[in-house]
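S.K.: If it helps, the file is called coords36.txt and holds compact mmCIF, C-alpha atoms:
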# COMPACT_ATOMS: atom_id res chain seq x y z
CA MET A 140 0.00 0.00 0.00
CA GLU A 141 2.76 2.38 1.00
CA GLN A 142 4.68 1.48 -2.16
CA LYS A 143 1.61 2.34 -4.25
CA GLN A 144 1.25 5.73 -2.54
CA ARG A 145 4.92 6.54 -3.18
CA LYS A 146 4.45 5.78 -6.90
CA GLN A 147 1.39 8.04 -7.00
CA LYS A 148 3.37 10.90 -5.41
CA ARG A 149 6.20 10.47 -7.93
CA HIS A 150 3.69 10.54 -10.79
CA SER A 151 2.08 13.62 -9.26
CA ARG A 152 5.44 15.42 -9.07
CA HIS A 153 6.29 14.48 -12.65
CA GLY A 154 2.84 15.57 -13.77
CA GLY A 155 3.30 18.94 -12.09
CA GLN A 156 6.71 19.35 -13.71
CA ASP A 157 5.23 18.51 -17.11
CA VAL A 158 2.47 21.07 -16.64
CA ARG A 159 4.98 23.75 -15.58
CA ALA A 160 7.27 22.88 -18.50
CA SER A 161 4.37 23.03 -20.92
CA LEU A 162 3.31 26.38 -19.47
CA ALA A 163 6.86 27.76 -19.78
CA VAL A 164 7.05 26.64 -23.41
CA ASN A 165 3.71 28.32 -24.17
CA ILE A 166 4.88 31.57 -22.54
CA LEU A 167 8.15 31.42 -24.48
CA ILE A 168 6.33 30.86 -27.76
CA LYS A 169 3.98 33.76 -27.06
CA PHE A 170 6.90 36.02 -26.11
CA ALA A 171 8.79 35.07 -29.27
CA ALA A 172 5.68 35.69 -31.36
CA ILE A 173 5.20 39.12 -29.78
CA LEU A 174 8.89 39.94 -30.22
CA LEU A 175 8.83 38.84 -33.86
CA THR A 176 5.69 40.87 -34.48
CA VAL A 177 7.28 43.98 -32.95
CA MET A 178 10.42 43.46 -35.05
CA LEU A 179 8.34 43.13 -38.20
CA MET A 180 6.41 46.27 -37.29
CA VAL A 181 9.66 48.16 -36.72
CA LEU A 182 11.07 46.96 -40.04
CA MET A 183 7.86 47.88 -41.83
CA ALA A 184 7.87 51.29 -40.21
CA ALA A 185 11.56 51.82 -40.93
CA ASN A 186 11.07 51.11 -44.61
CA ALA A 187 7.78 52.94 -45.01
CA PRO A 188 7.95 56.46 -46.53
CA ILE A 189 6.83 58.23 -43.35
CA ILE A 190 9.46 60.99 -43.12
CA SER A 191 8.75 64.11 -45.12
CA TYR A 192 11.28 66.83 -45.80
CA THR A 193 11.61 69.80 -48.11
CA GLY A 194 14.65 69.76 -50.38
CA SER A 195 16.61 72.67 -51.82
CA ASP A 196 14.22 72.70 -54.80
CA HIS A 197 11.31 73.14 -52.31
CA ALA A 198 9.83 69.81 -53.38
CA ILE A 199 8.42 67.68 -50.55
CA THR A 200 9.95 64.22 -50.50
CA GLN A 201 8.99 61.20 -48.42
CA MET A 202 11.41 58.47 -47.46
CA SER A 203 11.73 55.59 -45.02
CA VAL A 204 13.56 55.81 -41.69
CA THR A 205 16.13 53.31 -42.98
CA LYS A 206 16.78 55.31 -46.14
CA TYR A 207 16.90 58.53 -44.13
CA PHE A 208 19.70 57.27 -41.87
CA LYS A 209 21.59 55.71 -44.79
CA THR A 210 21.42 58.78 -47.01
CA ARG A 211 21.81 61.52 -44.40
CA GLN A 212 25.00 63.60 -44.50
CA PRO A 213 25.53 64.40 -40.81
CA VAL A 214 28.74 66.42 -41.21
CA LYS A 215 28.06 68.16 -44.53
CA TYR A 216 27.00 71.32 -42.71
CA ILE A 217 30.62 71.92 -41.63
CA GLU A 218 31.87 72.70 -45.15
CA GLY A 219 28.61 72.75 -47.11
CA GLU A 220 27.95 71.62 -50.68
CA ILE A 221 30.26 71.93 -53.65
CA ASN A 222 29.04 73.38 -56.91
CA GLN A 223 30.24 71.70 -60.10
CA SER A 224 29.46 74.83 -62.13
CA SER A 225 31.34 77.25 -59.88
CA GLY A 226 34.07 79.16 -61.74
CA ASN A 227 34.85 77.80 -65.18
CA LYS A 228 32.80 74.63 -65.34
CA VAL A 229 34.73 71.50 -66.26
CA GLN A 230 33.58 70.64 -69.77
CA VAL A 231 33.11 66.88 -70.04
CA GLU A 232 34.08 66.03 -73.59
CA TYR A 233 34.31 62.28 -74.06
CA ARG A 234 36.99 60.47 -76.02
CA GLU A 235 35.94 58.75 -79.19
CA GLY A 236 34.46 55.33 -78.56
CA VAL A 237 33.36 56.04 -74.97
CA ASP A 238 29.78 54.96 -74.26
CA LYS A 239 28.10 58.06 -72.79
CA ALA A 240 25.03 56.04 -71.80
CA PHE A 241 27.08 53.58 -69.71
CA ASN A 242 25.75 52.93 -66.19
CA ASP A 243 28.30 51.51 -63.73
CA GLY A 244 25.61 50.63 -61.16
CA LEU A 245 27.54 52.34 -58.35
CA ASP A 246 24.53 54.54 -57.53
CA LEU A 247 26.62 57.52 -56.42
CA HIS A 248 26.34 61.15 -57.49
CA GLN A 249 28.95 61.08 -60.27
CA THR A 250 29.87 63.58 -62.95
CA ILE A 251 31.15 60.78 -65.19
CA GLU A 252 29.88 57.20 -65.01
CA GLY A 253 32.62 54.68 -64.39
CA GLN A 254 34.64 56.93 -62.11
CA PHE A 255 34.25 58.64 -58.75
CA THR A 256 36.64 61.37 -57.62
CA VAL A 257 37.17 62.55 -54.05
CA LEU A 258 39.24 65.57 -52.97
CA PHE A 259 40.96 64.91 -49.63
CA LEU A 260 42.40 67.78 -47.59
CA GLY A 261 44.35 67.31 -44.37
CA PHE A 262 44.84 70.49 -42.34
CA ASP A 263 47.73 71.37 -40.07
CA SER A 264 47.33 70.94 -36.33
CA VAL A 265 45.09 73.32 -34.46
CA THR A 266 47.20 72.67 -31.34
CA ASN A 267 50.64 73.14 -32.92
CA GLY A 268 49.75 75.25 -35.96
CA SER A 269 47.14 77.53 -37.46
CA GLY A 270 44.61 74.85 -38.39
CA LYS A 271 43.99 76.84 -41.59
CA LEU A 272 46.54 75.34 -43.99
CA HIS A 273 45.72 72.17 -45.94
CA ASP A 274 49.16 70.59 -46.02
CA VAL A 275 47.98 67.16 -47.25
CA ASN A 276 46.19 67.29 -50.61
CA TYR A 277 45.08 64.23 -52.58
CA ILE A 278 42.89 63.81 -55.64
CA MET A 279 41.60 60.24 -55.32
CA GLN A 280 39.83 58.73 -58.33
CA PHE A 281 38.17 55.32 -58.37
CA ASN A 282 38.03 53.90 -61.89
CA LEU A 283 35.46 51.14 -62.25
CA ASN A 284 36.42 50.35 -65.83
CA THR A 285 39.93 49.33 -64.82
CA ALA A 286 39.21 48.33 -61.18
CA SER A 287 41.84 50.81 -60.05
CA LEU A 288 42.39 53.76 -57.74
CA ASN A 289 44.60 56.65 -58.88
CA ILE A 290 45.90 59.22 -56.40
CA LEU A 291 47.51 62.55 -57.26
CA GLN A 292 49.46 64.16 -54.40
CA ILE A 293 49.64 67.94 -54.62
CA PRO A 294 52.53 69.36 -52.53
CA ARG A 295 51.36 72.04 -50.11
CA ASP A 296 53.88 74.57 -51.47
CA THR A 297 52.66 74.35 -55.08
CA PHE A 298 52.74 77.80 -56.70
CA MET A 299 49.10 78.80 -57.36
CA PRO A 300 49.03 82.62 -57.69
CA ASP A 301 45.65 82.79 -59.45
CA TYR A 302 43.68 81.24 -56.60
CA THR A 303 44.96 82.82 -53.38
CA SER A 304 45.52 86.31 -52.02
CA SER A 305 48.14 84.99 -49.60
CA THR A 306 51.61 86.46 -50.04
CA THR A 307 52.98 82.90 -50.13
CA HIS A 308 51.00 82.08 -53.34
CA LYS A 309 50.89 78.46 -52.10
CA PHE A 310 48.21 75.84 -52.78
CA ASN A 311 47.72 75.21 -49.06
CA SER A 312 46.47 78.79 -48.57
CA ILE A 313 43.58 78.62 -51.07
CA TYR A 314 41.04 77.36 -48.50
CA SER A 315 41.58 80.34 -46.17
CA TRP A 316 42.69 83.07 -48.58
CA GLY A 317 40.94 82.21 -51.84
CA ASP A 318 37.95 83.73 -53.63
CA SER A 319 35.94 85.64 -51.02
CA ASP A 320 32.71 85.01 -52.95
CA ALA A 321 33.01 81.22 -52.57
CA THR A 322 32.96 78.92 -49.56
CA PRO A 323 36.42 77.75 -48.41
CA ILE A 324 35.97 74.19 -49.70
CA GLN A 325 34.59 75.47 -53.01
CA ARG A 326 37.72 77.61 -53.48
CA VAL A 327 39.92 74.51 -53.46
CA VAL A 328 37.53 72.44 -55.58
CA THR A 329 37.41 75.18 -58.24
CA ALA A 330 41.21 75.50 -58.27
CA VAL A 331 41.62 71.75 -58.74
CA GLN A 332 38.97 71.45 -61.44
CA GLU A 333 40.27 74.37 -63.46
CA SER A 334 43.92 73.39 -63.08
CA PHE A 335 43.62 69.68 -63.81
CA GLY A 336 40.29 69.31 -65.62
CA ILE A 337 39.20 66.63 -63.16
CA PRO A 338 35.57 66.88 -61.97
CA ILE A 339 35.37 66.53 -58.17
CA ASP A 340 32.39 64.45 -57.01
CA ALA A 341 32.89 64.68 -53.25
CA TYR A 342 35.29 65.92 -50.60
CA VAL A 343 36.70 64.85 -47.24
CA THR A 344 38.60 67.14 -44.87
CA THR A 345 40.21 66.49 -41.51
CA THR A 346 43.06 67.74 -39.31
CA CYS A 347 46.28 66.22 -37.96
CA ASP A 348 44.70 66.25 -34.50
CA ASN A 349 41.71 64.21 -35.67
CA ILE A 350 43.88 61.64 -37.47
CA VAL A 351 44.99 60.45 -34.03
CA GLU A 352 41.44 59.65 -32.95
CA ILE A 353 40.43 58.19 -36.34
CA VAL A 354 43.30 55.67 -36.33
CA ASP A 355 42.49 54.66 -32.76
CA ILE A 356 38.83 54.14 -33.68
CA VAL A 357 39.75 51.66 -36.45
CA GLY A 358 42.05 49.79 -34.08
CA GLY A 359 45.41 51.02 -35.33
CA VAL A 360 47.24 50.53 -38.64
CA PRO A 361 49.59 47.52 -39.06
CA ILE A 362 52.80 48.48 -40.88
CA ASN A 363 56.24 47.13 -41.64
CA MET A 364 58.46 50.17 -41.10
CA PRO A 365 61.44 50.14 -43.49
CA PHE A 366 63.54 52.33 -41.18
CA THR A 367 63.61 53.70 -37.64
CA MET A 368 61.86 57.08 -37.54
CA VAL A 369 62.80 59.56 -34.82
CA PHE A 370 60.13 62.27 -34.86
CA GLU A 371 61.42 63.75 -31.62
CA ALA A 372 63.78 62.45 -28.94
CA ASP A 373 61.02 60.60 -27.09
CA LYS A 374 58.80 59.91 -30.12
CA ILE A 375 60.30 57.00 -32.02
CA ILE A 376 58.86 54.41 -34.41
CA TYR A 377 61.29 51.51 -34.71
CA GLU A 378 62.03 49.54 -37.86
CA GLY A 379 59.98 46.37 -38.37
CA GLU A 380 56.44 45.04 -38.17
CA GLN A 381 54.08 46.72 -35.70
CA THR A 382 50.68 48.34 -35.36
CA LEU A 383 50.73 52.12 -35.23
CA ASN A 384 48.30 53.82 -32.87
CA GLY A 385 46.86 57.24 -33.61
CA GLU A 386 49.69 59.22 -32.07
CA GLN A 387 52.37 57.24 -33.92
CA SER A 388 50.46 57.63 -37.19
CA GLU A 389 50.56 61.41 -36.74
CA TRP A 390 54.34 61.25 -36.24
CA LEU A 391 54.76 59.32 -39.48
CA LEU A 392 52.52 61.69 -41.45
CA ARG A 393 54.29 64.80 -40.11
CA PHE A 394 57.90 63.53 -40.15
CA ARG A 395 60.20 65.30 -42.61
CA HIS A 396 63.52 66.40 -41.07
CA GLY A 397 65.25 63.11 -41.90
CA TYR A 398 64.17 63.04 -45.56
CA GLU A 399 66.57 64.10 -48.27
CA PHE A 400 64.08 66.55 -49.80
CA GLY A 401 62.34 67.80 -46.66
CA ASP A 402 58.65 68.44 -47.29
CA LEU A 403 58.74 66.77 -50.72
CA GLY A 404 60.23 63.73 -49.02
CA ARG A 405 57.36 63.84 -46.55
CA VAL A 406 54.87 63.70 -49.44
CA GLN A 407 56.51 60.46 -50.56
CA GLY A 408 56.86 59.25 -46.96
CA GLN A 409 53.10 59.55 -46.52
CA ARG A 410 52.78 56.77 -49.08
CA LEU A 411 54.08 54.34 -46.46
CA PHE A 412 51.08 55.15 -44.27
CA MET A 413 48.79 55.16 -47.30
CA ALA A 414 49.82 51.60 -48.24
CA ALA A 415 49.39 50.38 -44.66
CA ALA A 416 46.00 52.10 -44.31
CA MET A 417 44.83 50.55 -47.59
CA LYS A 418 45.72 47.07 -46.33
CA LYS A 419 43.90 47.81 -43.10
CA ALA A 420 40.78 49.00 -44.95
CA ILE A 421 40.76 45.91 -47.18
CA SER A 422 40.91 43.68 -44.10
CA MET A 423 37.90 45.34 -42.46
CA SER A 424 34.38 44.03 -42.96
CA THR A 425 31.55 46.29 -44.11
CA LEU A 426 30.11 46.13 -40.59
CA GLU A 427 33.43 47.23 -39.09
CA ILE A 428 33.74 50.06 -41.62
CA MET A 429 30.20 51.28 -40.91
CA SER A 430 30.73 51.07 -37.14
CA ALA A 431 33.94 53.08 -37.39
CA THR A 432 32.32 55.57 -39.78
CA ASN A 433 29.43 56.15 -37.38
CA LYS A 434 31.88 56.94 -34.57
CA ILE A 435 33.93 59.23 -36.81
CA TYR A 436 30.78 61.03 -37.97
CA SER A 437 29.29 61.33 -34.49
CA GLN A 438 32.52 62.84 -33.15
CA GLU A 439 32.79 65.10 -36.24
CA LEU A 440 36.39 64.06 -36.89
CA ILE A 441 35.91 64.69 -40.61
CA ALA A 442 33.87 67.01 -42.78
CA THR A 443 32.39 65.53 -45.95
CA ASP A 444 29.38 65.64 -48.24
CA LEU A 445 29.39 61.83 -48.45
CA SER A 446 26.48 60.04 -46.79
CA LEU A 447 26.84 56.91 -44.65
CA ASP A 448 25.52 54.89 -47.57
CA ASP A 449 28.08 56.50 -49.90
CA ILE A 450 30.88 55.52 -47.51
CA ALA A 451 29.63 51.92 -47.46
CA ARG A 452 29.53 51.77 -51.26
CA ILE A 453 33.01 53.24 -51.56
CA GLY A 454 34.26 50.82 -48.91
CA ASP A 455 32.84 47.88 -50.86
CA LEU A 456 34.41 49.27 -54.04
CA ALA A 457 37.83 49.77 -52.42
CA SER A 458 37.82 46.21 -51.09
CA THR A 459 37.72 44.89 -54.68
CA ILE A 460 40.85 46.82 -55.74
CA ASP A 461 44.24 45.14 -55.46
CA MET A 462 47.15 47.20 -54.14
CA GLU A 463 48.96 46.68 -57.42
CA ASN A 464 46.12 48.65 -59.04
CA VAL A 465 46.44 51.63 -56.72
CA HIS A 466 48.74 54.16 -58.41
CA VAL A 467 50.15 57.15 -56.54
CA PHE A 468 51.69 60.15 -58.30
CA MET A 469 53.21 63.35 -57.01
CA LEU A 470 52.53 66.45 -59.06
CA PRO A 471 55.65 66.98 -61.23
CA GLY A 472 57.69 70.08 -60.48
CA GLU A 473 60.69 71.46 -58.61
CA ALA A 474 61.46 73.36 -55.43
CA VAL A 475 62.03 77.10 -55.93
CA LYS A 476 62.44 80.26 -53.88
CA ILE A 477 59.82 82.93 -54.65
CA GLN A 478 60.58 86.12 -52.74
CA GLN A 479 61.31 84.79 -49.26
CA PHE A 480 59.09 81.72 -49.54
CA ASP A 481 59.96 78.11 -50.38
CA CYS A 482 57.58 77.10 -53.16
CA TYR A 483 57.06 74.31 -55.67
CA SER A 484 56.89 75.20 -59.37
CA VAL A 485 54.79 72.83 -61.48
CA HIS A 486 56.22 71.20 -64.60
CA LYS A 487 53.07 71.61 -66.63
CA ALA A 488 53.69 69.27 -69.57
CA ALA A 489 54.66 66.37 -67.29
CA ALA A 490 51.68 67.10 -65.01
CA LEU A 491 49.17 67.08 -67.87
CA GLU A 492 50.67 63.85 -69.20
CA ILE A 493 49.84 62.11 -65.90
CA VAL A 494 46.41 63.75 -65.69
CA ASN A 495 45.43 62.74 -69.22
CA GLU A 496 46.68 59.16 -68.95
CA TYR A 497 45.33 58.30 -65.51
CA PHE A 498 42.66 60.80 -64.45
CA ARG A 499 40.90 61.71 -67.72
CA THR A 500 40.62 58.22 -69.18
CA GLN A 501 37.15 58.90 -70.61
CA GLN A 502 37.66 62.58 -71.46
CA ILE A 503 39.64 64.03 -74.33
CA PRO A 504 43.19 65.06 -73.29
CA LEU A 505 43.47 68.40 -71.52
CA ARG A 506 45.50 70.90 -73.54
CA ASP A 507 48.06 73.31 -72.11
CA ASP A 508 45.85 76.34 -72.85
CA GLN A 509 42.87 74.74 -71.08
CA SER A 510 44.71 74.34 -67.78
CA THR A 511 45.25 77.23 -65.38
CA LEU A 512 48.44 75.70 -63.94
CA VAL A 513 51.25 78.26 -63.76
CA GLU A 514 54.94 77.48 -64.16
CA PHE A 515 57.19 79.84 -62.20
CA VAL A 516 60.21 78.15 -63.78
CA GLN A 517 59.51 77.85 -67.49
CA GLU A 518 60.08 74.66 -69.45
CA GLY A 519 63.58 74.80 -70.91
CA SER A 520 64.90 76.41 -67.72
CA TYR A 521 64.16 73.53 -65.34
CA ARG A 522 66.94 72.90 -62.83
CA SER A 523 65.70 69.42 -61.91
CA THR A 524 63.27 66.83 -63.27
CA LEU A 525 63.73 64.50 -60.32
CA PHE A 526 60.03 64.68 -59.36
CA ASP A 527 58.60 64.40 -62.87
CA ASP A 528 58.25 60.61 -62.63
CA THR A 529 57.52 59.52 -59.07
CA GLY A 530 54.58 57.23 -59.86
CA ALA A 531 54.36 53.93 -58.01
CA THR A 532 51.76 51.39 -56.97
CA LEU A 533 50.97 50.89 -53.31
CA LYS A 534 52.19 47.31 -53.71
CA GLU A 535 55.61 48.64 -54.76
CA VAL A 536 55.57 51.12 -51.86
CA ASP A 537 54.60 48.36 -49.42
CA GLU A 538 57.36 46.07 -50.72
CA GLY A 539 59.90 48.89 -50.66
CA SER A 540 60.72 48.52 -54.37
CA ALA A 541 59.58 52.00 -55.50
CA GLY A 542 57.87 55.24 -54.53
CA GLY A 543 59.29 55.59 -51.03
CA PRO A 544 61.23 58.51 -49.53
CA LYS A 545 65.01 58.84 -49.39
CA LEU A 546 66.73 59.54 -46.07
CA THR A 547 69.71 61.88 -45.71
CA ASP A 548 73.14 60.36 -45.19
CA LYS A 549 73.38 62.20 -41.87
CA TYR A 550 70.12 60.68 -40.67
CA ASN A 551 71.23 57.20 -41.76
CA ARG A 552 74.52 57.57 -39.89
CA LEU A 553 72.72 58.68 -36.72
CA TYR A 554 70.02 56.04 -36.63
CA ASP A 555 71.23 53.04 -38.65
What do you get writing this file as structure tokens?

M.R.:
Amino acid sequence: MEQKQRKQKRHSRHGGQDVRASLAVNILIKFAAILLTVMLMVLMAANAPIISYTGSDHAITQMSVTKYFKTRQPVKYIEGEINQSSGNKVQVEYREGVDKAFNDGLDLHQTIEGQFTVLFLGFDSVTNGSGKLHDVNYIMQFNLNTASLNILQIPRDTFMPDYTSSTTHKFNSIYSWGDSDATPIQRVVTAVQESFGIPIDAYVTTTCDNIVEIVDIVGGVPINMPFTMVFEADKIIYEGEQTLNGEQSEWLLRFRHGYEFGDLGRVQGQRLFMAAAMKKAISMSTLEIMSATNKIYSQELIATDLSLDDIARIGDLASTIDMENVHVFMLPGEAVKIQQFDCYSVHKAAALEIVNEYFRTQQIPLRDDQSTLVEFVQEGSYRSTLFDDTGATLKEVDEGSAGGPKLTDKYNRLYD
């Protein structure tokens, strides 16, 4: 009898456990169903055209929350928009055989299908300088037809008397001392477009101070340093493989006193960082790029008219380009003294040869009389053509076979 009662109690306990388990499962299923429903509602709401805004043409447009956050340009207000027709508009005259109706599917605001050109300006330090001089100047053009990226480095001291009221006449003064009727960024865009005949589709600006934070946000930049770099007595980057943090990256970008040609050597030295940064970008996933971009945007470490969606598209595009297809050129010219200032006089014929071959692949070649570039030292009187052919791929720079800077003998003796 007692044994029978014990069996009944065990069955009762098991029955209670089964009921409780069944109840828990039912609650879980209901919770999951509610959660799924809420998620679906959020997704439906996010993609429904429920946000209305009035554009510059006063037309009312509706878009989804998702599209709003993807297409918004949160830091565009810093520099504003650029106007393609400002100054002498770049006339897009296609080469014979180019399909004008071609659609590359990139879905970006492009002047010419098949290419996308970004003007990058890096300003001097606000802490240790004026914060008004754009000492790092790159024209960066993605070419979808050749799966390549071409970069033209414009030395900060380039003689540009037609575009600045500064007594230095230097390119890096155009932003602050250019045409008073144009916005600062537009002054530089106009100078570039009229000088090189390259339509600028977008811009990115930053400062030396912000580079520190940007590099730290992406987790540092792995690099194989080809030499020991002593920026200051207590600021040293040693030869060999390592990951540069933001502060070290700034040292590398600003270093120049050990280079044979000073600031021009620094322009070439920046290619070392460029190659390392390219490898880092290629290794990052789209999610990592978007996460880093959000932080960079939210902290306003850059100014750009690119949207978050634009950045993602460019990131995807860059990840498909091999380093051997990234070509870097320095604007041909020579160092000169103009009054009391150290300047850089362009070698116009050599410059236009690079521009026409690599940056105007779909346009007819730019003639000498169509470019506003000014030679202080006239062709036939050049004292040096050393910088007329400095082109290299980032693969060559990374491998140390071409395109890198030369160190002075004194520096080598001190730090070898």

S.K.: For the contact check between range 242-355 of chain A and range 391-407 of chain A, emit one row per residue of range 242-355 of chain A within 10 Å, containing the shortest atom pair and the distance in Å rounded to one decimal, counting only C-alpha atoms, chain then rising number order, as CSV.

M.R.:
residue,atom,partner,partner_atom,distance
A:Asp263,CA,A:Arg393,CA,9.3
A:Asp274,CA,A:Val406,CA,9.6
A:Val275,CA,A:Val406,CA,8.0
A:Asn276,CA,A:Val406,CA,9.5
A:Gln292,CA,A:Val406,CA,7.4
A:Ile293,CA,A:Val406,CA,8.5
A:Pro294,CA,A:Val406,CA,6.9
A:Arg295,CA,A:Asp402,CA,8.6
A:Asp296,CA,A:Asp402,CA,8.8
A:Cys347,CA,A:Arg393,CA,8.4
A:Ile350,CA,A:Leu392,CA,9.5

S.K.: Using only C-alpha atoms, which protein or nucleic acid residues come within 10 Å of Tyr216 in chain A? Drop anything in the same chain fewer than 6 positions from it, and give the result as a PyMOL selection string.

M.R.: chain A and resi 442-444

S.K.: Write out as a list in words the residues lying within 9 Å of Tyr497 in chain A, counting all atoms listed in the file and excluding same-chain residues fewer than 3 positions away.

M.R.: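 The filter keeps Asn289, His466, Glu492, Ile493, Val494 and Thr500 of chain A.
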
S.K.: Determine, counting all atoms listed in the file, every residue of protein, DNA or RNA that lies within 6 Å of (47.3, 60.7, -52.7) in the file coordinates, then give the result as a list in words.

M.R.: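 The distance filter leaves exactly Tyr277, Ile290, Leu291, Gln292 and Val467 of chain A.
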
S.K.: Write out as a ChimeraX atom specification which residues come within 9 Å of Val357 in chain A when counting only C-alpha atoms, dropping same-chain ones fewer than 5 positions away.

M.R.: /A:352,419-420,423,427-428,431

S.K.: So, with all atoms listed in the file as the atoms that count, which of A:Asn222, A:Gln212, A:Gln517, A:Thr511 lies closest to Val331 in chain A?

M.R.: A:Thr511

S.K.: Select, from A:Phe468, A:Phe498, A:His486, A:Asp348, the residue with the minimum atom-to-atom distance to Gly519 in chain A, counting only C-alpha atoms.

M.R.: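 The answer is A:His486, which sits nearest to Gly519 in chain A.
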
S.K.: Do you have the CA of Glu220 in chain A-CA of Gln325 in chain A distance handy?

M.R.: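 Computing it gives 8.0 Å between the two atoms.
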
S.K.: Considering all atoms listed in the file, return as a PyMOL selection string whatever protein or nucleic-acid residues lie within 10 Å of range 299-312 of chain A, sequence-local ones (same chain, fewer than 5 positions apart) excluded.

M.R.: chain A and resi 260-263+271-276+293-294+317-319+326-327+329-331+334+477-485+511-515

S.K.: Could you work out how far CA of Ala414 in chain A lies from CA of Tyr436 in chain A, giving the answer in Å with one decimal?

M.R.: 23.6 Å

S.K.: Between CA of Pro471 in chain A and CA of Trp316 in chain A, what distance in Å does the model show, to one decimal?

M.R.: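 Between CA of Pro471 in chain A and CA of Trp316 in chain A the gap is 24.2 Å.
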
S.K.: Between A:Thr425, A:Ile339, A:Ser264, A:Ser446, which residue has the minimum interatomic distance to Glu389 in chain A, considering only C-alpha atoms?

M.R.: A:Ser264

S.K.: For Leu505 in chain A, list every protein, DNA or RNA residue within 10 Å, evaluated using all atoms listed in the file, and leave out those in the same chain fewer than 5 positions away; present the list as a ChimeraX atom specification.

M.R.: /A:232,334-337,491-492,494-495,499,510

S.K.: Tell me which of A:Pro365, A:Gly385, A:Gly454, A:Pro504 sits closest to Ser540 in chain A, counting all atoms listed in the file.

M.R.: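 Of A:Pro365, A:Gly385, A:Gly454, A:Pro504, the one nearest Ser540 in chain A is A:Pro365, counting all atoms listed in the file.
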
S.K.: Nearest residue to Phe526 in chain A out of A:Ala286, A:Leu546, A:Ala490, A:Glu371, using only C-alpha atoms?

M.R.: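 Counting only C-alpha atoms, the residue closest to Phe526 in chain A is A:Ala490.
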
S.K.: From the list A:Gln501, A:Phe366, A:Lys434, A:Gly539, which residue is nearest Phe241 in chain A when using all atoms listed in the file?

M.R.: A:Gln501

S.K.: How would range 535-549 of chain A look with N, CA and C atoms restored, written as a tab-separated table (two decimals), in the frame of the given file?

M.R.:
chain	number	residue	atom	x	y	z
A	535	GLU	N	54.18	48.34	-54.68
A	535	GLU	CA	55.61	48.64	-54.76
A	535	GLU	C	56.08	49.41	-53.53
A	536	VAL	N	55.24	50.36	-53.06
A	536	VAL	CA	55.57	51.12	-51.86
A	536	VAL	C	55.64	50.18	-50.66
A	537	ASP	N	54.66	49.29	-50.55
A	537	ASP	CA	54.60	48.36	-49.42
A	537	ASP	C	55.80	47.41	-49.43
A	538	GLU	N	56.23	47.00	-50.61
A	538	GLU	CA	57.36	46.07	-50.72
A	538	GLU	C	58.70	46.79	-50.68
A	539	GLY	N	58.67	48.13	-50.73
A	539	GLY	CA	59.90	48.89	-50.66
A	539	GLY	C	60.68	48.93	-51.96
A	540	SER	N	60.02	48.57	-53.08
A	540	SER	CA	60.72	48.52	-54.37
A	540	SER	C	60.64	49.83	-55.14
A	541	ALA	N	59.71	50.73	-54.77
A	541	ALA	CA	59.58	52.00	-55.50
A	541	ALA	C	58.66	52.95	-54.73
A	542	GLY	N	58.82	54.24	-55.02
A	542	GLY	CA	57.87	55.24	-54.53
A	542	GLY	C	58.08	55.73	-53.13
A	543	GLY	N	59.08	55.17	-52.41
A	543	GLY	CA	59.29	55.59	-51.03
A	543	GLY	C	60.24	56.77	-50.92
A	544	PRO	N	60.36	57.35	-49.72
A	544	PRO	CA	61.23	58.51	-49.53
A	544	PRO	C	62.69	58.11	-49.37
A	545	LYS	N	63.59	59.06	-49.61
A	545	LYS	CA	65.01	58.84	-49.39
A	545	LYS	C	65.44	59.59	-48.13
A	546	LEU	N	66.24	58.92	-47.29
A	546	LEU	CA	66.73	59.54	-46.07
A	546	LEU	C	68.09	60.19	-46.32
A	547	THR	N	68.41	61.23	-45.56
A	547	THR	CA	69.71	61.88	-45.71
A	547	THR	C	70.81	60.97	-45.17
A	548	ASP	N	72.00	61.15	-45.68
A	548	ASP	CA	73.14	60.36	-45.19
A	548	ASP	C	73.36	60.61	-43.70
A	549	LYS	N	73.19	61.86	-43.29
A	549	LYS	CA	73.38	62.20	-41.87
A	549	LYS	C	72.39	61.44	-41.00
